[in-house]
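The block underneath contains the structure these notes are about, expressed in C-alpha coordinates.
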Amino acid sequence: MKILAVCGMGFGSSLVLRMTIEDVLKAAGFKAQVVVSDIGTARSEQADIIVTSAEFARLLADRGIPIVVIKNYVDRKEMKEKLLPLLKGS
(Lines give C-alpha, C1' and ligand atoms only; values in the text may rest on other atoms or scores of the structure.)
Protein backbone atom coordinates (compact mmCIF):
# COMPACT_ATOMS: atom_id res chain seq x y z
CA MET A 1 0.00 0.00 0.00
CA LYS A 2 1.42 3.36 -1.06
CA ILE A 3 -0.16 6.62 0.07
CA LEU A 4 0.82 9.96 -1.48
CA ALA A 5 0.66 13.07 0.70
CA VAL A 6 0.45 15.91 -1.82
CA CYS A 7 0.96 19.67 -1.52
CA GLY A 8 2.10 22.41 -3.87
CA MET A 9 5.86 22.14 -3.41
CA GLY A 10 6.23 18.75 -1.68
CA PHE A 11 7.87 20.16 1.45
CA GLY A 12 5.74 21.81 4.16
CA SER A 13 2.12 20.74 4.09
CA SER A 14 2.80 17.29 2.70
CA LEU A 15 5.22 16.56 5.55
CA VAL A 16 2.54 17.52 8.07
CA LEU A 17 0.08 15.29 6.19
CA ARG A 18 2.54 12.41 6.25
CA MET A 19 3.00 12.65 10.01
CA THR A 20 -0.76 12.71 10.60
CA ILE A 21 -1.31 9.78 8.22
CA GLU A 22 1.44 7.76 9.90
CA ASP A 23 -0.01 8.46 13.37
CA VAL A 24 -3.48 7.31 12.27
CA LEU A 25 -2.12 4.21 10.51
CA LYS A 26 -0.04 3.21 13.52
CA ALA A 27 -2.96 3.64 15.94
CA ALA A 28 -5.21 1.55 13.68
CA GLY A 29 -2.61 -1.17 13.08
CA PHE A 30 -2.20 -0.57 9.34
CA LYS A 31 1.10 -0.53 7.50
CA ALA A 32 1.67 1.56 4.40
CA GLN A 33 4.41 3.48 2.67
CA VAL A 34 3.61 7.20 2.98
CA VAL A 35 5.40 9.36 0.43
CA VAL A 36 5.37 13.16 0.15
CA SER A 37 4.98 14.69 -3.27
CA ASP A 38 4.50 17.99 -5.03
CA ILE A 39 1.47 18.40 -7.29
CA GLY A 40 3.49 18.06 -10.53
CA THR A 41 5.15 14.79 -9.51
CA ALA A 42 1.88 13.44 -8.09
CA ARG A 43 0.33 13.59 -11.55
CA SER A 44 2.57 10.69 -12.66
CA GLU A 45 3.47 8.96 -9.37
CA GLN A 46 2.05 5.49 -8.74
CA ALA A 47 -0.02 5.21 -5.55
CA ASP A 48 -2.99 3.41 -4.04
CA ILE A 49 -4.41 6.50 -2.28
CA ILE A 50 -3.76 10.23 -2.51
CA VAL A 51 -4.25 12.53 0.51
CA THR A 52 -4.40 16.27 -0.20
CA SER A 53 -6.43 19.49 -0.08
CA ALA A 54 -9.62 20.09 -2.07
CA GLU A 55 -7.74 22.40 -4.46
CA PHE A 56 -5.15 19.78 -5.40
CA ALA A 57 -7.73 16.98 -5.41
CA ARG A 58 -9.45 18.69 -8.35
CA LEU A 59 -6.16 18.68 -10.25
CA LEU A 60 -5.61 14.97 -9.57
CA ALA A 61 -9.17 13.72 -10.02
CA ASP A 62 -8.45 12.29 -13.48
CA ARG A 63 -5.83 9.89 -12.09
CA GLY A 64 -8.40 7.23 -11.18
CA ILE A 65 -6.87 6.85 -7.71
CA PRO A 66 -8.98 7.29 -4.56
CA ILE A 67 -8.39 10.76 -3.10
CA VAL A 68 -8.86 11.72 0.54
CA VAL A 69 -9.57 15.45 0.86
CA ILE A 70 -8.38 16.88 4.17
CA LYS A 71 -9.26 20.33 5.48
CA ASN A 72 -7.18 20.33 8.67
CA TYR A 73 -3.86 18.57 8.10
CA VAL A 74 -3.18 17.98 11.81
CA ASP A 75 -6.68 16.73 12.71
CA ARG A 76 -6.21 13.03 13.45
CA LYS A 77 -9.96 12.52 13.86
CA GLU A 78 -10.68 13.89 10.37
CA MET A 79 -7.88 11.78 8.90
CA LYS A 80 -9.12 8.66 10.64
CA GLU A 81 -12.73 9.20 9.50
CA LYS A 82 -11.74 9.76 5.88
CA LEU A 83 -8.73 7.47 5.36
CA LEU A 84 -9.52 4.32 7.33
CA PRO A 85 -12.67 3.37 5.40
CA LEU A 86 -10.59 3.23 2.21
CA LEU A 87 -8.00 1.01 3.89
CA LYS A 88 -10.59 -1.32 5.38
CA GLY A 89 -12.21 -1.68 1.95
CA SER A 90 -8.96 -2.73 0.26
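Every chain in the C-alpha coordinates takes a letter, A first, then B, and so on in the order presented; its residues are numbered from 1, and the ligands are numbered from 1 following the presented order.
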
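Every residue of stretch 6-77 of chain A with a DSSP assignment of strand (DSSP E or B), taken from the backbone, is listed as Val6, Cys7, Gln33, Val34, Val35, Val36, Ser37, Asp38, Ile49, Ile50, Val51, Thr52, Ile67, Val68 and Val69 of chain A.
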
message = Taking 5 positions as the minimum chain separation for residues in the same chain, which residues sit within 7 Å of stretch 1-17 of chain A when counting only C-alpha atoms? Answer as a ChimeraX atom specification.
response = /A:32-39,42,47-52,73-74

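The nearest approach to A:Glu45 among the residues A:Leu59, A:Ala27, A:Ile65, A:Met79, with only C-alpha atoms taken into account, belongs to A:Ile65.
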
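Compared by their closest atoms to A:Ala54, and using only C-alpha atoms, the residues A:Gly40, A:Pro66, A:Lys71, A:Arg18 rank with A:Lys71 nearest.
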
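The coordinates place atom CA of A:Asn72 at 13.3 Å from atom CA of A:Glu55.
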
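For the pair atom CA of A:Arg58 and atom CA of A:Asp23, the interatomic distance is 25.8 Å.
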
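Near A:Ala28, within 12 Å and counting only C-alpha atoms, sit Ile21, Glu22, Asp23, Val24, Leu25, Lys26, Phe30, Lys31, Ala32, Arg76, Lys77, Met79, Lys80, Glu81, Leu83, Leu84, Pro85, Leu87 and Lys88 of chain A; same-chain residues fewer than 2 positions away were not included.
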
Just all heavy atoms for this one: save the residues we selected as a short mmCIF file (atom, residue, chain, number, x, y, z; two decimals), in the first residue's frame.
data_model
loop_
_atom_site.label_atom_id
_atom_site.label_comp_id
_atom_site.auth_asym_id
_atom_site.auth_seq_id
_atom_site.Cartn_x
_atom_site.Cartn_y
_atom_site.Cartn_z
N ILE A 21 -0.95 11.08 8.80
CA ILE A 21 -1.31 9.78 8.22
C ILE A 21 -0.61 8.66 8.98
O ILE A 21 -1.25 7.67 9.35
CB ILE A 21 -0.92 9.73 6.72
CG1 ILE A 21 -1.77 10.69 5.91
CG2 ILE A 21 -1.05 8.31 6.18
CD1 ILE A 21 -1.23 10.97 4.50
N GLU A 22 0.68 8.80 9.21
CA GLU A 22 1.44 7.76 9.90
C GLU A 22 0.93 7.53 11.32
O GLU A 22 0.84 6.39 11.77
CB GLU A 22 2.93 8.09 9.89
CG GLU A 22 3.55 7.92 8.51
CD GLU A 22 4.99 8.41 8.41
OE1 GLU A 22 5.44 9.19 9.29
OE2 GLU A 22 5.66 8.01 7.44
N ASP A 23 0.56 8.59 12.02
CA ASP A 23 -0.01 8.46 13.37
C ASP A 23 -1.31 7.66 13.34
O ASP A 23 -1.53 6.77 14.16
CB ASP A 23 -0.26 9.83 14.00
CG ASP A 23 1.00 10.54 14.43
OD1 ASP A 23 2.08 9.91 14.46
OD2 ASP A 23 0.91 11.75 14.74
N VAL A 24 -2.18 7.99 12.39
CA VAL A 24 -3.48 7.31 12.27
C VAL A 24 -3.28 5.85 11.88
O VAL A 24 -3.92 4.96 12.43
CB VAL A 24 -4.39 8.06 11.27
CG1 VAL A 24 -5.60 7.22 10.89
CG2 VAL A 24 -4.82 9.40 11.85
N LEU A 25 -2.39 5.59 10.93
CA LEU A 25 -2.12 4.21 10.51
C LEU A 25 -1.58 3.38 11.67
O LEU A 25 -2.03 2.24 11.88
CB LEU A 25 -1.10 4.19 9.36
CG LEU A 25 -1.55 4.76 8.02
CD1 LEU A 25 -0.38 4.77 7.04
CD2 LEU A 25 -2.72 3.99 7.45
N LYS A 26 -0.64 3.93 12.40
CA LYS A 26 -0.04 3.21 13.52
C LYS A 26 -1.09 2.88 14.58
O LYS A 26 -1.16 1.74 15.06
CB LYS A 26 1.08 4.03 14.13
CG LYS A 26 1.81 3.34 15.25
CD LYS A 26 2.96 4.17 15.77
CE LYS A 26 3.65 3.44 16.91
NZ LYS A 26 4.76 4.24 17.45
N PHE A 30 -2.43 -0.41 10.78
CA PHE A 30 -2.20 -0.57 9.34
C PHE A 30 -0.77 -0.21 9.01
O PHE A 30 -0.18 0.67 9.63
CB PHE A 30 -3.13 0.35 8.54
CG PHE A 30 -4.54 -0.12 8.44
CD1 PHE A 30 -5.52 0.42 9.26
CD2 PHE A 30 -4.90 -1.11 7.54
CE1 PHE A 30 -6.82 0.00 9.19
CE2 PHE A 30 -6.21 -1.54 7.46
CZ PHE A 30 -7.18 -0.99 8.28
N LYS A 31 -0.23 -0.86 8.00
CA LYS A 31 1.10 -0.53 7.50
C LYS A 31 0.97 -0.06 6.06
O LYS A 31 0.26 -0.67 5.27
CB LYS A 31 2.02 -1.74 7.58
CG LYS A 31 2.34 -2.16 8.99
CD LYS A 31 3.46 -3.16 9.00
CE LYS A 31 3.68 -3.64 10.42
NZ LYS A 31 4.81 -3.05 11.04
N ALA A 32 1.66 1.03 5.76
CA ALA A 32 1.67 1.56 4.40
C ALA A 32 2.90 2.43 4.23
O ALA A 32 3.43 2.97 5.20
CB ALA A 32 0.41 2.38 4.13
N ARG A 76 -6.26 14.50 13.53
CA ARG A 76 -6.21 13.03 13.45
C ARG A 76 -7.61 12.42 13.32
O ARG A 76 -7.78 11.40 12.66
CB ARG A 76 -5.47 12.46 14.65
CG ARG A 76 -3.97 12.69 14.57
CD ARG A 76 -3.26 12.25 15.85
NE ARG A 76 -1.84 12.49 15.76
CZ ARG A 76 -1.26 13.67 15.96
NH1 ARG A 76 -1.99 14.72 16.25
NH2 ARG A 76 0.05 13.79 15.87
N LYS A 77 -8.58 13.04 13.94
CA LYS A 77 -9.96 12.52 13.86
C LYS A 77 -10.47 12.61 12.42
O LYS A 77 -11.05 11.65 11.90
CB LYS A 77 -10.88 13.31 14.79
CG LYS A 77 -12.29 12.81 14.81
CD LYS A 77 -13.14 13.57 15.80
CE LYS A 77 -14.53 12.98 15.83
NZ LYS A 77 -15.56 13.94 15.56
N MET A 79 -8.65 12.73 9.69
CA MET A 79 -7.88 11.78 8.90
C MET A 79 -8.40 10.36 9.10
O MET A 79 -8.58 9.62 8.13
CB MET A 79 -6.40 11.86 9.27
CG MET A 79 -5.50 10.98 8.43
SD MET A 79 -5.36 11.51 6.71
CE MET A 79 -4.38 13.00 6.91
N LYS A 80 -8.63 10.00 10.33
CA LYS A 80 -9.12 8.66 10.64
C LYS A 80 -10.47 8.40 9.97
O LYS A 80 -10.67 7.35 9.34
CB LYS A 80 -9.24 8.50 12.16
CG LYS A 80 -9.75 7.17 12.61
CD LYS A 80 -9.82 7.12 14.13
CE LYS A 80 -10.44 5.83 14.60
NZ LYS A 80 -10.56 5.77 16.06
N GLU A 81 -11.38 9.36 10.07
CA GLU A 81 -12.73 9.20 9.50
C GLU A 81 -12.72 9.08 7.98
O GLU A 81 -13.56 8.40 7.40
CB GLU A 81 -13.62 10.37 9.92
CG GLU A 81 -13.99 10.35 11.38
CD GLU A 81 -14.71 11.61 11.84
OE1 GLU A 81 -14.85 12.56 11.04
OE2 GLU A 81 -15.11 11.66 13.00
N LEU A 83 -9.71 8.40 5.93
CA LEU A 83 -8.73 7.47 5.36
C LEU A 83 -9.02 6.01 5.68
O LEU A 83 -8.95 5.16 4.81
CB LEU A 83 -7.33 7.85 5.84
CG LEU A 83 -6.18 6.96 5.36
CD1 LEU A 83 -6.07 6.99 3.85
CD2 LEU A 83 -4.87 7.40 6.00
N LEU A 84 -9.36 5.73 6.93
CA LEU A 84 -9.52 4.32 7.33
C LEU A 84 -10.58 3.55 6.55
O LEU A 84 -10.36 2.39 6.24
CB LEU A 84 -9.76 4.22 8.84
CG LEU A 84 -8.56 4.59 9.72
CD1 LEU A 84 -8.86 4.29 11.18
CD2 LEU A 84 -7.29 3.89 9.29
N PRO A 85 -11.72 4.15 6.20
CA PRO A 85 -12.67 3.37 5.40
C PRO A 85 -12.10 2.89 4.07
O PRO A 85 -12.44 1.80 3.61
CB PRO A 85 -13.82 4.36 5.18
CG PRO A 85 -13.77 5.27 6.36
CD PRO A 85 -12.28 5.43 6.63
N LEU A 87 -8.94 2.09 3.58
CA LEU A 87 -8.00 1.01 3.89
C LEU A 87 -8.73 -0.27 4.26
O LEU A 87 -8.31 -1.36 3.89
CB LEU A 87 -7.08 1.43 5.04
CG LEU A 87 -6.16 2.62 4.73
CD1 LEU A 87 -5.43 3.04 5.98
CD2 LEU A 87 -5.21 2.28 3.62
N LYS A 88 -9.82 -0.14 4.97
CA LYS A 88 -10.59 -1.32 5.38
C LYS A 88 -11.28 -1.96 4.18
O LYS A 88 -11.52 -3.15 4.17
CB LYS A 88 -11.61 -0.95 6.46
CG LYS A 88 -10.93 -0.58 7.76
CD LYS A 88 -11.93 -0.14 8.81
CE LYS A 88 -11.18 0.22 10.08
NZ LYS A 88 -12.07 0.73 11.12
#

message = Quick check for you: according to DSSP on this backbone, which residues of chain A are classed as helix (DSSP H, G or I)? Reply as a ChimeraX atom specification.
response = /A:12-28,39-42,54-63,76-88

Of the listed residues A:Ala57, A:Leu86, A:Ile70, A:Asp75, that which approaches A:Thr20 most closely, counting only C-alpha atoms = A:Asp75
